[in-house]
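So this one's data_19.txt, compact mmCIF, C-alpha atoms:
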# COMPACT_ATOMS: atom_id res chain seq x y z
CA ALA A 1 4.57 -18.67 -8.86
CA GLN A 2 5.15 -22.37 -9.49
CA ASP A 3 7.71 -21.54 -12.19
CA ALA A 4 9.50 -19.26 -9.71
CA LEU A 5 9.41 -21.96 -7.01
CA ARG A 6 11.03 -24.48 -9.32
CA ALA A 7 13.67 -21.96 -10.41
CA ALA A 8 14.47 -21.28 -6.75
CA GLY A 9 14.69 -24.97 -5.90
CA GLN A 10 11.75 -24.71 -3.49
CA HIS A 11 9.03 -27.34 -3.30
CA ALA A 12 6.13 -25.26 -2.01
CA LEU A 13 5.07 -21.80 -0.90
CA VAL A 14 3.21 -21.45 2.41
CA ALA A 15 1.19 -18.29 3.06
CA GLU A 16 -1.04 -17.25 5.92
CA ALA A 17 -4.39 -15.50 5.53
CA GLY A 18 -3.84 -12.01 4.18
CA ALA A 19 -3.19 -10.20 0.94
CA THR A 20 -0.92 -12.86 -0.58
CA LEU A 21 -3.34 -15.70 0.12
CA GLU A 22 -6.16 -13.61 -1.33
CA TYR A 23 -4.02 -12.74 -4.36
CA PHE A 24 -3.43 -16.40 -5.23
CA THR A 25 -6.84 -17.81 -4.23
CA GLY A 26 -9.38 -14.98 -4.16
CA VAL A 27 -10.22 -15.93 -0.56
CA PRO A 28 -10.39 -12.99 1.87
CA TRP A 29 -9.86 -14.10 5.45
CA PRO A 30 -8.85 -12.33 8.68
CA ARG A 31 -5.85 -13.50 10.66
CA SER A 32 -6.49 -14.98 14.09
CA GLU A 33 -4.95 -17.52 16.45
CA ARG A 34 -6.44 -20.21 14.17
CA PRO A 35 -4.28 -20.12 11.03
CA LEU A 36 -5.60 -20.47 7.53
CA LEU A 37 -2.69 -21.56 5.34
CA LEU A 38 -2.20 -21.75 1.60
CA VAL A 39 0.10 -24.54 0.45
CA LEU A 40 1.13 -23.90 -3.14
CA PRO A 41 3.33 -26.75 -4.41
CA ALA A 42 5.87 -26.29 -7.17
CA ALA A 43 3.79 -28.73 -9.20
CA GLY A 44 0.16 -29.70 -8.80
CA PRO A 45 -2.91 -27.97 -7.42
CA PRO A 46 -2.79 -25.68 -4.38
CA ALA A 47 -4.66 -26.39 -1.14
CA LEU A 48 -6.03 -24.44 1.80
CA VAL A 49 -5.47 -25.75 5.33
CA GLY A 50 -8.19 -24.36 7.58
CA PRO A 51 -10.14 -24.91 10.82
CA SER A 52 -12.82 -27.56 10.43
CA PHE A 53 -15.57 -25.59 12.14
CA GLU A 54 -15.21 -22.95 9.37
CA ALA A 55 -15.65 -25.58 6.63
CA HIS A 56 -18.93 -24.22 5.29
CA THR A 57 -17.70 -20.62 5.05
CA LEU A 58 -14.38 -21.68 3.59
CA ARG A 59 -16.07 -23.76 0.92
CA GLU A 60 -18.34 -20.86 0.03
CA ARG A 61 -15.34 -18.60 -0.50
CA SER A 62 -12.84 -21.04 -1.99
CA GLY A 63 -14.93 -22.61 -4.75
CA GLU A 64 -13.16 -25.60 -6.29
CA LEU A 65 -9.96 -25.06 -4.37
CA ARG A 66 -8.80 -28.11 -2.43
CA LEU A 67 -9.65 -27.74 1.26
CA VAL A 68 -7.85 -29.65 4.03
CA LEU A 69 -9.39 -29.24 7.49
CA TRP A 70 -7.95 -29.50 10.98
CA SER A 71 -9.88 -30.00 14.20
CA GLU A 72 -9.56 -27.73 17.23
CA HIS A 73 -7.53 -30.30 19.16
CA ALA A 74 -5.21 -31.03 16.21
CA SER A 75 -2.27 -29.26 14.60
CA PRO A 76 -2.75 -27.38 11.32
CA TYR A 77 0.97 -27.77 10.69
CA ALA A 78 0.64 -31.55 10.68
CA ARG A 79 -1.83 -31.17 7.82
CA VAL A 80 0.68 -29.00 5.99
CA ALA A 81 3.26 -31.75 6.51
CA GLU A 82 0.87 -34.29 4.95
CA LEU A 83 0.40 -32.09 1.89
CA VAL A 84 4.12 -31.48 1.49
CA ALA A 85 4.79 -35.20 1.81
CA GLU A 86 2.74 -35.75 -1.35
CA SER A 87 5.62 -34.26 -3.33
CA GLY A 88 7.76 -37.22 -2.35
CA GLN A 89 10.65 -35.00 -1.25
CA PRO A 90 12.34 -36.40 1.89
CA ALA A 91 13.81 -33.00 2.78
CA PRO A 92 11.58 -30.37 1.17
CA SER A 93 12.38 -26.68 0.97
CA LEU A 94 9.43 -24.44 1.78
CA GLY A 95 9.21 -20.76 0.93
CA LEU A 96 7.34 -18.77 3.59
CA GLU A 97 5.36 -15.64 2.83
CA PRO A 98 7.32 -12.73 4.40
CA THR A 99 4.64 -11.66 6.91
CA THR A 100 4.27 -15.12 8.46
CA ARG A 101 3.83 -14.83 12.23
CA MET A 102 6.35 -16.36 14.60
CA PHE A 103 3.99 -18.93 16.14
CA VAL A 104 3.15 -20.23 12.66
CA LEU A 105 6.83 -20.47 11.81
CA GLU A 106 7.51 -22.38 15.03
CA GLY A 107 4.60 -24.73 14.36
CA LEU A 108 5.95 -25.53 10.91
CA ARG A 109 9.42 -26.13 12.33
CA ARG A 110 7.98 -28.54 14.90
CA ASP A 111 5.80 -30.59 12.57
CA LEU A 112 8.09 -30.52 9.52
CA PRO A 113 11.46 -31.24 11.16
CA GLY A 114 13.06 -32.39 7.93
CA ALA A 115 12.06 -29.32 5.95
CA THR A 116 14.11 -26.24 5.16
CA LEU A 117 12.12 -23.07 5.79
CA ALA A 118 13.25 -20.33 3.45
CA ASP A 119 12.24 -16.79 2.53
CA GLY A 120 9.39 -16.91 0.02
CA GLY A 121 9.49 -13.15 -0.45
CA PRO A 122 11.08 -13.22 -3.91
CA ILE A 123 8.35 -15.59 -5.13
CA VAL A 124 5.59 -13.35 -3.77
CA ARG A 125 7.13 -10.10 -4.99
CA ALA A 126 7.76 -11.41 -8.49
CA CYS A 127 4.03 -12.06 -8.83
CA ARG A 128 2.29 -9.35 -6.80
CA SER A 129 4.46 -6.37 -7.66
CA VAL A 130 3.75 -6.62 -11.40
CA LYS A 131 0.08 -5.87 -12.01
CA SER A 132 -2.05 -7.40 -14.75
CA PRO A 133 -4.18 -5.18 -17.04
CA ALA A 134 -7.21 -5.98 -14.85
CA GLU A 135 -5.37 -4.97 -11.68
CA LEU A 136 -4.16 -1.77 -13.34
CA ALA A 137 -7.73 -0.94 -14.36
CA LEU A 138 -8.96 -1.32 -10.77
CA LEU A 139 -6.13 0.78 -9.36
CA ARG A 140 -6.66 3.44 -12.02
CA ARG A 141 -10.37 3.77 -11.34
CA ALA A 142 -9.98 3.65 -7.56
CA ASN A 143 -7.57 6.58 -7.66
CA GLU A 144 -9.65 8.52 -10.15
CA ALA A 145 -12.66 8.14 -7.86
CA THR A 146 -10.74 9.27 -4.78
CA LYS A 147 -9.48 12.34 -6.63
CA ALA A 148 -13.00 13.21 -7.76
CA ALA A 149 -14.27 12.84 -4.20
CA LEU A 150 -11.48 15.00 -2.78
CA ARG A 151 -12.01 17.70 -5.40
CA GLN A 152 -15.67 17.90 -4.47
CA VAL A 153 -15.03 18.01 -0.73
CA ALA A 154 -12.48 20.81 -1.09
CA THR A 155 -15.34 23.17 -2.01
CA LEU A 156 -16.88 22.61 1.44
CA VAL A 157 -13.91 23.79 3.48
CA ARG A 158 -14.72 26.74 5.75
CA ALA A 159 -13.11 28.85 8.43
CA ASP A 160 -13.05 27.42 11.96
CA MET A 161 -13.74 23.89 10.64
CA LEU A 162 -12.26 21.11 12.72
CA GLU A 163 -9.92 18.59 11.09
CA ALA A 164 -12.33 15.86 12.23
CA GLU A 165 -15.23 17.53 10.39
CA LEU A 166 -13.35 17.53 7.10
CA THR A 167 -12.27 13.94 7.73
CA GLU A 168 -15.91 12.84 7.90
CA LEU A 169 -16.70 14.64 4.65
CA VAL A 170 -13.76 12.95 2.87
CA LEU A 171 -14.84 9.51 4.10
CA ALA A 172 -18.44 10.07 3.01
CA ALA A 173 -17.42 11.37 -0.40
CA GLN A 174 -15.33 8.28 -1.14
CA LEU A 175 -18.23 6.03 -0.16
CA ALA A 176 -20.51 8.06 -2.42
CA ALA A 177 -18.01 7.54 -5.25
CA GLY A 178 -18.52 3.77 -4.94
CA LEU A 179 -15.40 2.92 -2.95
CA GLU A 180 -15.06 0.82 0.18
CA GLN A 181 -12.95 0.93 3.36
CA PRO A 182 -12.26 4.68 3.13
CA TRP A 183 -9.70 6.40 5.34
CA ALA A 184 -8.49 9.98 5.60
CA LEU A 185 -5.78 11.99 7.33
CA VAL A 186 -6.68 15.70 7.51
CA LEU A 187 -4.15 18.25 8.79
CA PHE A 188 -4.39 22.03 9.01
CA GLY A 189 -1.56 24.54 9.19
CA SER A 190 1.32 23.62 11.48
CA ASN A 191 -0.24 20.22 12.28
CA ALA A 192 0.77 19.15 8.76
CA ALA A 193 4.44 19.59 9.69
CA PHE A 194 4.07 16.07 11.12
CA PRO A 195 3.65 13.80 8.04
CA HIS A 196 1.27 11.44 9.84
CA GLY A 197 -0.33 14.07 12.01
CA THR A 198 -0.48 14.91 15.67
CA ARG A 199 -2.94 14.26 18.48
CA GLY A 200 -3.78 17.95 18.77
CA ALA A 201 -7.07 18.88 17.08
CA ARG A 202 -6.98 22.11 15.08
CA ARG A 203 -9.50 24.51 13.59
CA LEU A 204 -8.83 25.97 10.17
CA ALA A 205 -7.81 29.61 9.90
CA ARG A 206 -7.30 31.75 6.83
CA GLY A 207 -3.77 31.79 5.51
CA GLU A 208 -3.18 28.12 6.32
CA LEU A 209 -2.55 25.13 4.10
CA VAL A 210 -4.94 22.18 4.13
CA LEU A 211 -3.35 18.75 3.71
CA VAL A 212 -5.57 15.72 3.05
CA ASP A 213 -4.14 12.22 2.58
CA CYS A 214 -6.87 9.70 1.79
CA GLY A 215 -7.76 6.49 0.04
CA ALA A 216 -10.19 3.60 -0.26
CA ALA A 217 -10.62 0.28 -2.05
CA LEU A 218 -12.29 -0.88 -5.26
CA HIS A 219 -12.71 -4.67 -5.44
CA GLY A 220 -9.80 -4.94 -3.00
CA TYR A 221 -7.41 -2.61 -4.84
CA HIS A 222 -6.47 0.65 -3.16
CA SER A 223 -6.14 4.34 -3.80
CA ASP A 224 -3.80 6.69 -1.98
CA VAL A 225 -3.94 10.39 -2.82
CA THR A 226 -2.63 13.49 -1.05
CA ARG A 227 -3.48 17.06 -1.95
CA THR A 228 -2.36 20.25 -0.25
CA TRP A 229 -4.16 23.51 -0.97
CA PRO A 230 -4.43 27.01 0.49
CA PHE A 231 -7.27 28.43 2.53
CA GLY A 232 -6.87 32.09 1.74
CA GLN A 233 -3.50 33.68 1.04
CA VAL A 234 -0.58 31.66 2.39
CA SER A 235 2.93 32.89 3.12
CA PRO A 236 5.53 33.21 0.33
CA GLU A 237 7.55 30.49 2.09
CA ALA A 238 4.61 28.07 2.01
CA ARG A 239 3.96 28.87 -1.65
CA HIS A 240 7.63 28.31 -2.47
CA ALA A 241 7.59 24.97 -0.64
CA TRP A 242 4.46 23.86 -2.47
CA GLN A 243 5.99 24.64 -5.85
CA ALA A 244 9.19 22.81 -4.88
CA VAL A 245 7.21 19.71 -3.91
CA LEU A 246 5.41 19.67 -7.27
CA ARG A 247 8.72 20.02 -9.14
CA ALA A 248 10.20 17.25 -7.00
CA GLN A 249 7.31 14.96 -7.80
CA THR A 250 7.73 15.66 -11.52
CA ALA A 251 11.45 14.87 -11.30
CA GLY A 252 10.78 11.62 -9.45
CA ILE A 253 8.08 10.47 -11.86
CA ALA A 254 10.44 11.05 -14.79
CA GLU A 255 12.76 8.39 -13.33
CA LEU A 256 10.05 5.71 -13.03
CA ARG A 257 10.92 3.71 -16.11
CA PRO A 258 11.80 0.05 -16.79
CA GLY A 259 15.25 -1.06 -15.66
CA GLN A 260 15.79 1.91 -13.37
CA PRO A 261 16.63 1.22 -9.70
CA CYS A 262 13.93 2.44 -7.31
CA GLY A 263 16.40 4.59 -5.41
CA VAL A 264 17.02 6.84 -8.42
CA ALA A 265 13.53 8.38 -8.28
CA ASP A 266 13.92 9.16 -4.57
CA ALA A 267 17.26 10.83 -5.22
CA ALA A 268 15.89 12.91 -8.10
CA ALA A 269 12.98 14.25 -6.04
CA ARG A 270 15.18 14.92 -3.01
CA ALA A 271 17.69 16.87 -5.13
CA VAL A 272 14.97 19.29 -6.24
CA ILE A 273 13.84 19.88 -2.68
CA THR A 274 17.39 20.50 -1.50
CA ALA A 275 18.05 22.90 -4.38
CA ALA A 276 14.93 24.84 -3.38
CA GLY A 277 16.53 25.56 0.00
CA PHE A 278 14.84 22.84 2.05
CA GLY A 279 17.95 20.85 2.76
CA PRO A 280 20.28 19.37 3.50
CA ASP A 281 19.18 15.90 2.53
CA ASP A 282 16.20 14.70 4.59
CA ARG A 283 15.96 17.58 7.06
CA PHE A 284 12.57 18.71 5.76
CA CYS A 285 11.77 15.83 3.37
CA THR A 286 11.69 13.23 6.11
CA HIS A 287 10.25 10.13 4.41
CA ARG A 288 10.88 8.03 1.30
CA LEU A 289 9.44 9.11 -2.05
CA GLY A 290 6.90 6.31 -2.29
CA HIS A 291 5.61 2.79 -1.77
CA GLY A 292 4.08 0.09 -3.91
CA ILE A 293 0.30 -0.31 -3.87
CA GLY A 294 -2.24 -2.97 -4.84
CA LEU A 295 -4.17 -5.29 -2.56
CA GLU A 296 -2.36 -3.46 0.23
CA THR A 297 -1.92 0.29 0.49
CA HIS A 298 1.77 -0.24 1.29
CA GLU A 299 3.58 -3.09 -0.46
CA ASP A 300 6.65 -3.70 -2.60
CA PRO A 301 8.43 -2.01 -4.26
CA TYR A 302 9.56 1.00 -2.20
CA LEU A 303 11.03 4.18 -3.66
CA VAL A 304 13.65 4.71 -0.97
CA ARG A 305 17.24 5.87 -0.88
CA ASP A 306 19.76 3.52 -2.50
CA SER A 307 17.18 0.81 -3.33
CA GLN A 308 18.56 -1.33 -6.16
CA VAL A 309 15.21 -3.00 -6.91
CA LEU A 310 14.69 -2.62 -10.65
CA LEU A 311 11.45 -1.19 -11.99
CA VAL A 312 9.40 -3.40 -14.32
CA PRO A 313 6.39 -2.52 -16.49
CA GLY A 314 3.22 -3.10 -14.48
CA MET A 315 4.66 -2.01 -11.15
CA THR A 316 2.54 0.58 -9.34
CA MET A 317 3.62 2.93 -6.59
CA SER A 318 3.01 6.28 -4.97
CA SER A 319 5.07 9.35 -5.71
CA GLU A 320 4.67 11.59 -2.67
CA PRO A 321 7.46 14.03 -1.88
CA GLY A 322 6.89 16.41 1.00
CA ILE A 323 8.33 19.38 2.84
CA TYR A 324 7.61 19.67 6.56
CA VAL A 325 8.65 22.79 8.49
CA PRO A 326 7.95 22.39 12.22
CA GLY A 327 5.78 25.10 13.70
CA LYS A 328 4.80 26.44 10.27
CA PHE A 329 3.35 24.09 7.65
CA GLY A 330 3.56 20.81 5.80
CA VAL A 331 3.19 20.13 2.08
CA ARG A 332 2.73 16.76 0.40
CA ILE A 333 1.50 15.90 -3.09
CA GLU A 334 0.79 12.24 -3.81
CA ASP A 335 -0.31 10.35 -6.90
CA ILE A 336 -0.30 6.68 -7.83
CA VAL A 337 1.89 5.90 -10.82
CA ALA A 338 2.33 2.86 -13.07
CA VAL A 339 5.57 1.91 -14.81
CA THR A 340 4.89 1.29 -18.52
CA ALA A 341 6.72 -0.50 -21.30
CA THR A 342 7.03 2.78 -23.22
CA GLY A 343 9.18 4.31 -20.48
CA ALA A 344 6.75 7.14 -19.70
CA ALA A 345 5.05 6.50 -16.37
CA GLU A 346 1.25 6.72 -16.21
CA VAL A 347 -0.29 8.78 -13.43
CA PHE A 348 -3.73 7.56 -12.38
CA GLY A 349 -6.01 10.58 -12.59
CA PRO A 350 -5.14 14.28 -12.90
CA ARG A 351 -2.05 15.71 -11.25
CA SER A 352 -1.80 18.97 -9.34
CA VAL A 353 -1.03 21.86 -11.69
CA SER A 354 -0.31 24.78 -9.35
CA LEU A 355 -1.12 26.01 -5.87
CA ASP A 356 -4.11 27.77 -7.41
CA ASP A 357 -5.13 24.61 -9.31
CA PRO A 358 -4.19 21.79 -6.91
CA PHE A 359 -6.67 19.24 -8.30
CA GLY A 360 -5.92 19.50 -12.02
CA ALA A 361 -8.31 19.15 -14.91
Represent the structure from my file as structure tokens, please.
Amino acid sequence: AQDALRAAGQHALVAEAGATLEYFTGVPWPRSERPLLLVLPAAGPPALVGPSFEAHTLRERSGELRLVLWSEHASPYARVAELVAESGQPAPSLGLEPTTRMFVLEGLRRDLPGATLADGGPIVRACRSVKSPAELALLRRANEATKAALRQVATLVRADMLEAELTELVLAAQLAAGLEQPWALVLFGSNAAFPHGTRGARRLARGELVLVDCGAALHGYHSDVTRTWPFGQVSPEARHAWQAVLRAQTAGIAELRPGQPCGVADAAARAVITAAGFGPDDRFCTHRLGHGIGLETHEDPYLVRDSQVLLVPGMTMSSEPGIYVPGKFGVRIEDIVAVTATGAAEVFGPRSVSLDDPFGA
């Protein structure tokens, strides 16, 4: 990050509490009206600027990291100004983490009037979007565990079951697999025609598709898996859509290789869906192909139409094409994929094989 700051001509990166601060420091901290700020200079050790009454807790979590405290009646941004002044730059350029809240931005503008506040997004993305071997191992195991949990829960599905009942089983299974912070989106039949669901509760009937989108965390790194499977015999149209989604996912994954723009994978998957008769364009495939994943379930890079962001080995993202036919059904198949130096993307855990074998080996 410091190398990238110097190359960009920036003198420090400032990040609020959240995934980026945790990424650089290992300190998890919730956002509130009292900001906790990381100041990472282009040269020299980083520092945390935090509320003084949290000193004990901050020291427990931050270890040897330099800690600069501010009192309730004082300005945290004045302490940031003091740290930045140590660089000796009369007119410093500060890169701000992209999710910085407006009141923090305004506080920095007020107390650092001579500073240029710039977009620190490229600095953050260059670091966080390329995972280390340790990060890849955590993501791999988190997704393997979620898939194992979902495979087990699928055997418990029964007629007249409420979506909420299956949701509770999916959450419990992920906890039993050793994961934390589980979540689940369970949709039956025509409810799945809305990619993120609907407020209407539904009971499962034979001949419907079951769609479960779920995930959890392992040491802070997330899983995100979607499987769609039949409960009894489904219509030929639903079977055809399912097979088209699997082919689309395969086509998209084939394009996840180093040097390829992110938009190419989205286009490849969408072309398969359109050729299968679910076109034109995004009529039935209504969302992007995928999103990056790591300390956050959704982060850079994004597999979306026309994106020119180039894939790099170590990037991880979802591949999750879908077909959604209002009033009938929805199909989505989602796996987490890593870009590798060999050019062949790695899928974390088994893929769906067929409608009759939706969980793979």
Select from stretch 59-125 of chain A every residue with an atom at most 9 Å from any atom of stretch 2-5 of chain A, then for each give the shortest pair of atoms and their distance in Å to one decimal, using all atoms listed in the file, rows by chain and rising number, as a tab-separated table.
residue	atom	partner	partner_atom	distance
A:Gly95	CA	A:Leu5	CA	8.0
A:Gly120	CA	A:Leu5	CA	8.7
A:Pro122	CA	A:Ala4	CA	8.5
A:Ile123	CA	A:Ala4	CA	6.0
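For A:Ala17, the non-local neighbours within 10 Å, defined as residues at least 2 positions apart in the same chain or in other chains and counting all atoms listed in the file, are Ala15, Ala19, Thr20, Leu21, Glu22, Val27, Pro28, Trp29, Pro30, Arg31, Ser32, Pro35, Leu36, Leu37, Leu38, Leu48, Gly50, Thr99 and Thr100 of chain A.
For the set A:Val234, A:Ile323, A:Val312, A:Ala85, the residue with the smallest atom-to-atom gap to A:Ala276 is A:Ile323, counting only C-alpha atoms.
Residues lying within 9 Å of A:Leu156, counting only C-alpha atoms and ignoring same-chain neighbours fewer than 4 positions away, are A:Gln152, A:Leu166, A:Leu169.
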Show which residues sit within 9 Å of A:Gly343, as a PyMOL selection string. Count only C-alpha atoms, and ignore same-chain residues fewer than 5 positions away. chain A and resi 254-258+313
Atomic separation - atom CA of A:Gln260 relative to atom CA of A:Arg288, Å: 16.6 Å
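Take the candidates A:Ser93, A:Thr155, A:Thr57, A:Thr226 and check each one against A:Asp119 using all atoms listed in the file; the shortest distance goes to A:Ser93.
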